[in-house]
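Here's the structure, in structure tokens; my notes come after.
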Amino acid sequence: MKYFSLLVGCVVVCLLNVALVHDASAQSISVSIRTIKASNQGTELSPVLNDISSQLKRLNYSSYTILKQASQQGQQGQTVSFSLPDGDQMMVQITGIDGSYVNLQVTIKGAGLKTNFRIVNGGTVIIGGNQYQDGVMVIALSAAF
Amino acid sequence: MEHDNEYFYELMSASLDNELTPVQQQELDEFLASNPNMQAEFDELSQAGSLMGDFFKNAQSTMENVSVWDSISDQLPKIDTPSSRIVVPFYKRRATWISSALAASVLIFFGFYLFIFSNTQYNEPNNTCIVESVESESSSVMVFKDTNTNTTIIWMFSSAPSEGRTTS
């Protein structure tokens, strides 16, 4: 009886470990955006964009100015919403976690864009192209859990 | 009164047990003095009796502080042991139960682990973003992948300001 209890205890501990490690539905995911104006007027690079400067430079603009930063927390199945500087609305639905990736569905309402992608934990994707003032609006979207 | 040898054997036995009366002891002494053979036999019995008495005295003194089981177990090695070993039943072995419990736990843990991840898709470790679908109502969209900086860019072309959006 003593060893049967030991066996049951080990099994329960293992199941709890699995449940705690893989309960992705209860995991909080941080979605953050940096809205940037990219233009060829000047050579400015906002200091807060230093970590993604190499990625932004692939867009071949000379100036990158931060317009807005925002971050929201959500869980699997939830949708977080961001207001963009041009009055548009960006909705990010957290569709799941797949290993080290976060599955997201991003909708930019006014621009009529809808995209599904998987982004690695802590990774950044660049979304842009909308005209804004004398340049274009670029969104650097990151997700982490 | 004449007595046969059997009578004197009884006296000899009683003498060894110190149970004779003085009269009987004198009678036995006189008989032995006149019978050297019986005297010799009595001496042998006396010697054997004293040896046994010493043995039991020693045994009694050494066993005072020793339990009966210990005194018996001391003698066990001197006893011929049976050639066949005593086999403990499988379900009574402690080590078997513990190792079985641990093995079962490990198997169950890995079983659940494999079950949970059985449908996990393989992700390229160096791919920070995997675009699965893109739809756009008002502009052409292209997806760029820069392998040098590991950058994924979703870019909308010819996207004029639409309803709800301003350019200034």
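Identifiers in this document derive from the order of the structure tokens: chains are assigned A, B, ..., residues are numbered from 1 separately in each chain, and ligands are numbered from 1 in order of occurrence.
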Exercise. Which neighbours of range 144-159 of chain B fall inside 9 Å, counting only C-alpha atoms, when residues of the same chain fewer than 4 positions from it are skipped, and could you give them as a list in words?
Worked result: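 Result of the neighbour search: Ser54, Gln55, Leu56, Arg58, Leu59, Ala111, Leu113, Thr124, Val125, Ile126, Ile127, Gly128, Gly129, Asn130, Gln131 and Val138 of chain A; Asn126, Asn127, Thr128, Cys129, Ile130, Val131, Val134, Ser136, Ser138, Ser139 and Ser140 of chain B.
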Could you take the residues named above and write them with N, CA and C atoms, as a PDB file, in the first residue's frame?
```
ATOM      1  N   SER A  54      18.603  47.739 -38.094  1.00  0.00           N
ATOM      2  CA  SER A  54      19.065  46.965 -39.257  1.00  0.00           C
ATOM      3  C   SER A  54      17.889  46.455 -40.078  1.00  0.00           C
ATOM      4  N   GLN A  55      16.801  46.127 -39.392  1.00  0.00           N
ATOM      5  CA  GLN A  55      15.615  45.654 -40.108  1.00  0.00           C
ATOM      6  C   GLN A  55      14.947  46.809 -40.869  1.00  0.00           C
ATOM      7  N   LEU A  56      14.876  47.983 -40.219  1.00  0.00           N
ATOM      8  CA  LEU A  56      14.220  49.122 -40.857  1.00  0.00           C
ATOM      9  C   LEU A  56      15.003  49.601 -42.086  1.00  0.00           C
ATOM     10  N   ARG A  58      16.359  48.026 -44.273  1.00  0.00           N
ATOM     11  CA  ARG A  58      16.057  47.242 -45.460  1.00  0.00           C
ATOM     12  C   ARG A  58      14.938  47.889 -46.285  1.00  0.00           C
ATOM     13  N   LEU A  59      14.220  48.848 -45.647  1.00  0.00           N
ATOM     14  CA  LEU A  59      13.135  49.526 -46.362  1.00  0.00           C
ATOM     15  C   LEU A  59      13.673  50.649 -47.264  1.00  0.00           C
ATOM     16  N   ALA A 111      -7.050  49.943 -43.888  1.00  0.00           N
ATOM     17  CA  ALA A 111      -6.201  49.531 -45.007  1.00  0.00           C
ATOM     18  C   ALA A 111      -6.690  48.243 -45.651  1.00  0.00           C
ATOM     19  N   LEU A 113      -6.290  45.206 -44.613  1.00  0.00           N
ATOM     20  CA  LEU A 113      -5.276  44.135 -44.564  1.00  0.00           C
ATOM     21  C   LEU A 113      -5.647  43.109 -43.501  1.00  0.00           C
ATOM     22  N   THR A 124      10.096  40.197 -34.111  1.00  0.00           N
ATOM     23  CA  THR A 124       9.451  41.409 -34.630  1.00  0.00           C
ATOM     24  C   THR A 124       9.170  41.235 -36.113  1.00  0.00           C
ATOM     25  N   VAL A 125       7.996  41.692 -36.532  1.00  0.00           N
ATOM     26  CA  VAL A 125       7.639  41.697 -37.945  1.00  0.00           C
ATOM     27  C   VAL A 125       7.317  43.145 -38.333  1.00  0.00           C
ATOM     28  N   ILE A 126       7.690  43.485 -39.549  1.00  0.00           N
ATOM     29  CA  ILE A 126       7.478  44.846 -40.044  1.00  0.00           C
ATOM     30  C   ILE A 126       6.266  44.845 -40.976  1.00  0.00           C
ATOM     31  N   ILE A 127       5.325  45.720 -40.685  1.00  0.00           N
ATOM     32  CA  ILE A 127       4.139  45.863 -41.542  1.00  0.00           C
ATOM     33  C   ILE A 127       4.070  47.341 -41.953  1.00  0.00           C
ATOM     34  N   GLY A 128       3.938  47.603 -43.213  1.00  0.00           N
ATOM     35  CA  GLY A 128       3.896  49.011 -43.603  1.00  0.00           C
ATOM     36  C   GLY A 128       3.465  49.228 -45.034  1.00  0.00           C
ATOM     37  N   GLY A 129       3.602  50.482 -45.439  1.00  0.00           N
ATOM     38  CA  GLY A 129       3.271  50.837 -46.813  1.00  0.00           C
ATOM     39  C   GLY A 129       2.232  51.937 -46.916  1.00  0.00           C
ATOM     40  N   ASN A 130       1.468  52.144 -45.862  1.00  0.00           N
ATOM     41  CA  ASN A 130       0.438  53.193 -45.920  1.00  0.00           C
ATOM     42  C   ASN A 130       1.101  54.567 -45.955  1.00  0.00           C
ATOM     43  N   GLN A 131       0.606  55.392 -46.835  1.00  0.00           N
ATOM     44  CA  GLN A 131       1.148  56.744 -46.927  1.00  0.00           C
ATOM     45  C   GLN A 131       0.816  57.519 -45.656  1.00  0.00           C
ATOM     46  N   VAL A 138       5.055  52.765 -40.848  1.00  0.00           N
ATOM     47  CA  VAL A 138       5.595  51.419 -40.648  1.00  0.00           C
ATOM     48  C   VAL A 138       5.249  50.985 -39.226  1.00  0.00           C
TER      49      VAL A 138
ATOM     50  N   ASN B 126      15.589  29.211 -37.314  1.00  0.00           N
ATOM     51  CA  ASN B 126      16.105  30.531 -37.643  1.00  0.00           C
ATOM     52  C   ASN B 126      15.046  31.438 -38.257  1.00  0.00           C
ATOM     53  N   ASN B 127      13.849  30.928 -38.398  1.00  0.00           N
ATOM     54  CA  ASN B 127      12.793  31.710 -39.020  1.00  0.00           C
ATOM     55  C   ASN B 127      11.991  32.417 -37.939  1.00  0.00           C
ATOM     56  N   THR B 128      12.175  33.720 -37.835  1.00  0.00           N
ATOM     57  CA  THR B 128      11.516  34.438 -36.742  1.00  0.00           C
ATOM     58  C   THR B 128      10.050  34.701 -37.029  1.00  0.00           C
ATOM     59  N   CYS B 129       9.672  34.649 -38.303  1.00  0.00           N
ATOM     60  CA  CYS B 129       8.266  34.894 -38.640  1.00  0.00           C
ATOM     61  C   CYS B 129       7.874  34.056 -39.851  1.00  0.00           C
ATOM     62  N   ILE B 130       6.758  33.367 -39.736  1.00  0.00           N
ATOM     63  CA  ILE B 130       6.255  32.548 -40.838  1.00  0.00           C
ATOM     64  C   ILE B 130       4.871  33.085 -41.203  1.00  0.00           C
ATOM     65  N   VAL B 131       4.803  33.713 -42.380  1.00  0.00           N
ATOM     66  CA  VAL B 131       3.527  34.285 -42.822  1.00  0.00           C
ATOM     67  C   VAL B 131       2.714  33.183 -43.488  1.00  0.00           C
ATOM     68  N   VAL B 134      -2.147  36.267 -46.394  1.00  0.00           N
ATOM     69  CA  VAL B 134      -2.281  37.723 -46.448  1.00  0.00           C
ATOM     70  C   VAL B 134      -3.452  38.050 -47.367  1.00  0.00           C
ATOM     71  N   SER B 136      -5.794  41.487 -48.765  1.00  0.00           N
ATOM     72  CA  SER B 136      -5.942  42.937 -48.766  1.00  0.00           C
ATOM     73  C   SER B 136      -7.053  43.334 -49.722  1.00  0.00           C
ATOM     74  N   SER B 138      -7.708  46.626 -50.600  1.00  0.00           N
ATOM     75  CA  SER B 138      -7.489  47.870 -51.329  1.00  0.00           C
ATOM     76  C   SER B 138      -6.104  48.044 -51.915  1.00  0.00           C
ATOM     77  N   SER B 139      -5.219  47.113 -51.691  1.00  0.00           N
ATOM     78  CA  SER B 139      -3.866  47.311 -52.216  1.00  0.00           C
ATOM     79  C   SER B 139      -3.186  45.974 -52.453  1.00  0.00           C
ATOM     80  N   SER B 140      -2.122  46.051 -53.200  1.00  0.00           N
ATOM     81  CA  SER B 140      -1.317  44.856 -53.399  1.00  0.00           C
ATOM     82  C   SER B 140      -0.387  44.700 -52.200  1.00  0.00           C
TER      83      SER B 140
END
```
Problem set entry | Contacts of range 99-105 of chain A at 6 Å (only C-alpha atoms; same-chain gap of 3+ positions) as a list in words |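 Those residues are Val92, Gln93, Ile94, Thr95, Gly96, Thr115, Asn116, Phe117, Arg118, Ile119, Val120 and Asn121 of chain A.
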Exercise. Which one of A:Gly42, A:Pro47, A:Gly77, A:Gly87 sits closest to chain B if you count only C-alpha atoms?
Worked result: A:Gly87
Problem set entry | DSSP helix (DSSP H, G or I) residues within range 45-125 of chain A, as a PyMOL selection string | chain A and resi 47-59
Preceding selection exported with N, CA and C atoms as a CSV table (one decimal), in the first residue's frame:
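Once everything was written out, this is part_38.csv:
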```
chain,number,residue,atom,x,y,z
A,47,PRO,N,16.0,57.0,-31.1
A,47,PRO,CA,16.8,56.0,-30.3
A,47,PRO,C,16.1,54.8,-29.9
A,48,VAL,N,14.8,54.9,-29.7
A,48,VAL,CA,14.0,53.7,-29.3
A,48,VAL,C,13.9,52.6,-30.4
A,49,LEU,N,14.4,53.0,-31.6
A,49,LEU,CA,14.4,52.1,-32.7
A,49,LEU,C,15.8,51.4,-33.0
A,50,ASN,N,16.7,51.7,-32.1
A,50,ASN,CA,18.0,51.2,-32.4
A,50,ASN,C,18.1,49.7,-32.5
A,51,ASP,N,17.3,48.9,-31.7
A,51,ASP,CA,17.3,47.5,-31.7
A,51,ASP,C,16.8,46.9,-33.0
A,52,ILE,N,16.0,47.7,-33.8
A,52,ILE,CA,15.5,47.2,-35.1
A,52,ILE,C,16.0,48.0,-36.2
A,53,SER,N,17.0,48.8,-36.0
A,53,SER,CA,17.5,49.7,-37.1
A,53,SER,C,18.0,48.9,-38.3
A,54,SER,N,18.6,47.7,-38.1
A,54,SER,CA,19.1,47.0,-39.3
A,54,SER,C,17.9,46.5,-40.1
A,55,GLN,N,16.8,46.1,-39.4
A,55,GLN,CA,15.6,45.7,-40.1
A,55,GLN,C,14.9,46.8,-40.9
A,56,LEU,N,14.9,48.0,-40.2
A,56,LEU,CA,14.2,49.1,-40.9
A,56,LEU,C,15.0,49.6,-42.1
A,57,LYS,N,16.3,49.5,-42.0
A,57,LYS,CA,17.1,50.0,-43.1
A,57,LYS,C,16.9,49.2,-44.4
A,58,ARG,N,16.4,48.0,-44.3
A,58,ARG,CA,16.1,47.2,-45.5
A,58,ARG,C,14.9,47.9,-46.3
A,59,LEU,N,14.2,48.8,-45.6
A,59,LEU,CA,13.1,49.5,-46.4
A,59,LEU,C,13.7,50.6,-47.3
```
